[in-house]
Amino acid sequence: MTEPTAAERVIVRTEGALGRLTLNRPEAINALDLGMITQITAALEAWVDDTDVQIVMIDGAGERGMCAGGDVRELHAQIVSGRSAETIEFFRAEYAMNAMIAEYPKPIVAIADGITMGGGIGLAGHAAIRIVTERSKLAMPETRIGFTPDVGGTWLLGRAPGRFGEYFGLTGGTMSGADAVYLGFADHFVPSDRLGALREALAYRADPTGPAEIVLLFDETPDPSELPASREWIDDAFSEDTVAEIVARLQAQGTTDAAAIADLLEGLAPTGLAVTLDAVREARAMPGLRAALEGEYRRVMWFVTRHPDLVEGIRAQLVDKDRNPKWNPATIAELGPDAGADARAYVPERPLF
């Protein structure tokens with residue numbers, strides 16, 4: 001076993017046949033910065049040809065979660081100070097890492113225990129074996145800050161049953177572990193008190209059984225997701241063509257649940273909602289993750305360089321914390337007929353791949 005340095009933000013070590021990557025920034029729920037992405041990428045590159053490493057595991061330090069996302073405070077600072085080159089570097093490195101995880105030649109096991117959101121989905125959602133627990137809280141909450149899901153989130157959302165992709169993309173709602181398995185964001189439910197034994201089995205198994213079969217020894221059936229009971233009204237509303245029509249349909253349904261979601265959407269950034277709706281539907285027709293990442297990159301760079309809502313959303317939620325963002329436009333009713341078009345068509349200064 002190789003010993004890590006305690007101060008590292010990503011603890012990289014091997015245990016038996018297991019290469020382990022543990023995000024080690026628990027005070028920020030392991031939020032990703034460029035240095036962490038660089039460390040993860042370097043370790044994965046080194047292990048490709050390391051015959052001693054047969055399986056890779058990604059998890060997070062601390063009790064709160066695997067990864068709360070990217071460091072959006074730093075993103076805000078970069079944009080307002082005109083350091084766009086750093087922002088471009090961050091997103092290009094992060095999306096390349098997401099693609100590497102999806103395409104990795106050895107099995108990657110990701111443990112999305114606790115809070116796993118935004119950039120955390122980019123780490124956990126594309127692994128070969130994706131594990132959740134009773135503590136898991138997964139989400140793509142970017143619309144809450146006037147932004148749009150990325151890190152391959154639209155690829156996963158676009159493949160969720162029915163219109164749950166639109167629903168979770170627009171609302172930024174939280175999935176339980178059972179929800180994540182139902183929606184295709186995870187593969188296995190393992191109780192958190194069995195994770196230590198699972199890690200041990202993956203590292204020191206005495207037989208040639210593959211990692212998926214080993215995980216099945218620890219897998220349990222969670223209490224069923226409650227989402228299927230809501231599918232009919234969610235599909236009905238979120239199949240509409242525009243955000244305004246979705247909200248109108250929710251209001252017309254006349255139920256408490258639908259009305260609450262309509263009210264939620266009306267408080268979020270109209271442009272972020274329109275761009276997200278467009279992105280999820282575009283990703284649904286994409287041939288693969290890399291194409292979806294390129295679509296996300298166009299939209300993200302458009303927000304970074306052309307539209308004020310991202311900076312305003314981070315300011316209101318995380319910097320000044322007044323929870324009173326001034327969106328542009330201010331209401332869904334003011335959106336143009338194809339409000340996602342400019343972001344969809346944007347050509348970034350540097351290509352993603």
# chains A, B, ... in the order shown; residues from 1 in each chain; ligands from 1

$ residues_around --residues "segment 128-132 of chain A" --least-positions-apart "3" --cutoff "9 Å" --atoms "only C-alpha atoms" --output "MDAnalysis selection string"
chainID A and resid 101:104 106:114 124:125 135:137 176:178 180:181 185:192 211:212 215 219

$ write_last_selection --atoms "C-alpha atoms" --output "short mmCIF file (atom, residue, chain, number, x, y, z; two decimals), in the first residue's frame"
data_model
loop_
_atom_site.label_atom_id
_atom_site.label_comp_id
_atom_site.auth_asym_id
_atom_site.auth_seq_id
_atom_site.Cartn_x
_atom_site.Cartn_y
_atom_site.Cartn_z
CA ILE A 101 -13.71 8.34 -16.81
CA ALA A 102 -16.39 7.20 -19.26
CA GLU A 103 -13.85 5.71 -21.67
CA TYR A 104 -11.35 4.31 -19.17
CA LYS A 106 -10.17 -0.46 -16.55
CA PRO A 107 -13.32 -0.59 -14.40
CA ILE A 108 -13.89 2.57 -12.38
CA VAL A 109 -16.06 2.24 -9.28
CA ALA A 110 -17.53 5.53 -8.03
CA ILE A 111 -19.12 5.84 -4.60
CA ALA A 112 -21.63 8.69 -4.58
CA ASP A 113 -22.21 8.62 -0.83
CA GLY A 114 -23.85 11.75 0.60
CA ALA A 124 -19.60 9.53 -10.43
CA GLY A 125 -22.16 9.46 -13.21
CA ARG A 135 -27.27 8.93 2.44
CA SER A 136 -26.93 9.84 -1.24
CA LYS A 137 -28.28 13.16 -2.47
CA SER A 176 -32.25 9.85 -3.35
CA GLY A 177 -30.10 6.78 -3.92
CA ALA A 178 -33.18 4.83 -5.03
CA ALA A 180 -30.67 7.73 -8.88
CA VAL A 181 -30.84 4.02 -9.72
CA PHE A 185 -27.58 7.94 -12.59
CA ALA A 186 -26.42 4.92 -10.54
CA ASP A 187 -26.22 1.14 -10.81
CA HIS A 188 -26.10 -0.26 -7.28
CA PHE A 189 -27.37 0.60 -3.80
CA VAL A 190 -24.94 -0.36 -1.03
CA PRO A 191 -25.66 0.61 2.61
CA SER A 192 -23.03 3.04 3.87
CA PRO A 211 -15.74 -5.91 -9.75
CA ALA A 212 -19.39 -5.84 -10.80
CA VAL A 215 -20.33 -5.23 -5.79
CA ASP A 219 -25.80 -4.58 -3.14
#

$ residues_around --residues "Leu335 of chain A" --least-positions-apart "4" --cutoff "8 Å" --atoms "only C-alpha atoms" --output "list in words"
Pro270, Thr271, Pro329, Thr331 and Ala339 of chain A

$ write_last_selection --atoms "N, CA and C atoms" --output "PDB file, in the first residue's frame"
ATOM      1  N   PRO A 270     -34.862  32.642 -15.930  1.00  0.00           N
ATOM      2  CA  PRO A 270     -35.554  32.242 -17.160  1.00  0.00           C
ATOM      3  C   PRO A 270     -34.609  31.773 -18.257  1.00  0.00           C
ATOM      4  N   THR A 271     -33.502  32.478 -18.458  1.00  0.00           N
ATOM      5  CA  THR A 271     -32.577  32.093 -19.519  1.00  0.00           C
ATOM      6  C   THR A 271     -31.942  30.744 -19.218  1.00  0.00           C
ATOM      7  N   PRO A 329     -33.657  38.032 -19.013  1.00  0.00           N
ATOM      8  CA  PRO A 329     -34.824  38.788 -18.579  1.00  0.00           C
ATOM      9  C   PRO A 329     -35.308  38.321 -17.200  1.00  0.00           C
ATOM     10  N   THR A 331     -38.434  37.559 -16.158  1.00  0.00           N
ATOM     11  CA  THR A 331     -39.531  36.602 -16.071  1.00  0.00           C
ATOM     12  C   THR A 331     -39.540  35.657 -17.269  1.00  0.00           C
ATOM     13  N   ALA A 339     -35.366  30.858 -26.962  1.00  0.00           N
ATOM     14  CA  ALA A 339     -34.447  31.528 -26.035  1.00  0.00           C
ATOM     15  C   ALA A 339     -33.134  30.780 -25.845  1.00  0.00           C
TER      16      ALA A 339
END

$ closest_residue --among "A:Trp155, A:Tyr204, A:Phe91, A:Tyr346" --to "Thr14 of chain A" --atoms "only C-alpha atoms"
A:Tyr204

$ atom_distance --atom1 "atom CA of Glu282 of chain A" --atom2 "atom CA of Val72 of chain A"
25.1 Å

$ residues_around --residues "Ala260 of chain A" --least-positions-apart "5" --cutoff "9 Å" --atoms "only C-alpha atoms" --output "PyMOL selection string"
chain A and resi 250-251+255+265

$ write_last_selection --atoms "all heavy atoms" --output "mmCIF file, in the first residue's frame"
data_model
loop_
_atom_site.group_PDB
_atom_site.id
_atom_site.type_symbol
_atom_site.label_atom_id
_atom_site.label_comp_id
_atom_site.auth_asym_id
_atom_site.auth_seq_id
_atom_site.Cartn_x
_atom_site.Cartn_y
_atom_site.Cartn_z
ATOM 1 N N LEU A 250 -48.306 23.040 -15.961
ATOM 2 C CA LEU A 250 -48.272 22.722 -14.533
ATOM 3 C C LEU A 250 -49.401 23.430 -13.788
ATOM 4 O O LEU A 250 -50.091 22.834 -12.947
ATOM 5 C CB LEU A 250 -46.918 23.114 -13.930
ATOM 6 C CG LEU A 250 -45.713 22.250 -14.324
ATOM 7 C CD1 LEU A 250 -44.421 22.945 -13.933
ATOM 8 C CD2 LEU A 250 -45.793 20.863 -13.660
ATOM 9 N N GLN A 251 -49.591 24.697 -14.097
ATOM 10 C CA GLN A 251 -50.649 25.468 -13.445
ATOM 11 C C GLN A 251 -52.032 24.921 -13.798
ATOM 12 O O GLN A 251 -52.934 24.884 -12.955
ATOM 13 C CB GLN A 251 -50.529 26.940 -13.826
ATOM 14 C CG GLN A 251 -49.281 27.603 -13.261
ATOM 15 C CD GLN A 251 -48.993 28.963 -13.876
ATOM 16 O OE1 GLN A 251 -49.425 29.250 -15.002
ATOM 17 N NE2 GLN A 251 -48.243 29.795 -13.159
ATOM 18 N N THR A 255 -53.040 20.617 -9.345
ATOM 19 C CA THR A 255 -52.647 19.847 -8.164
ATOM 20 C C THR A 255 -51.628 20.625 -7.346
ATOM 21 O O THR A 255 -50.928 21.508 -7.860
ATOM 22 C CB THR A 255 -52.038 18.495 -8.555
ATOM 23 O OG1 THR A 255 -50.779 18.722 -9.223
ATOM 24 C CG2 THR A 255 -52.971 17.717 -9.472
ATOM 25 N N LEU A 265 -40.197 27.117 -10.614
ATOM 26 C CA LEU A 265 -39.627 27.511 -11.898
ATOM 27 C C LEU A 265 -39.725 29.014 -12.120
ATOM 28 O O LEU A 265 -38.807 29.634 -12.668
ATOM 29 C CB LEU A 265 -40.323 26.761 -13.039
ATOM 30 C CG LEU A 265 -40.113 25.237 -13.086
ATOM 31 C CD1 LEU A 265 -40.921 24.626 -14.215
ATOM 32 C CD2 LEU A 265 -38.635 24.887 -13.235
#

$ select_by_dssp --residues "segment 19-240 of chain A" --states "strand (DSSP E or B)" --output "count of residues only"
35

$ atom_distance --atom1 "atom CA of Gly16 of chain A" --atom2 "atom CA of Glu213 of chain A"
17.9 Å

$ residues_around --residues "Gly119 of chain A" --least-positions-apart "6" --cutoff "10 Å" --atoms "only C-alpha atoms" --output "count of residues only"
19

$ closest_residue --among "A:Ala343, A:Leu21, A:Val247, A:Leu318" --to "Gly267 of chain A" --atoms "only C-alpha atoms"
A:Val247

$ atom_distance --atom1 "atom CA of Glu294 of chain A" --atom2 "atom CA of Leu352 of chain A"
6.4 Å
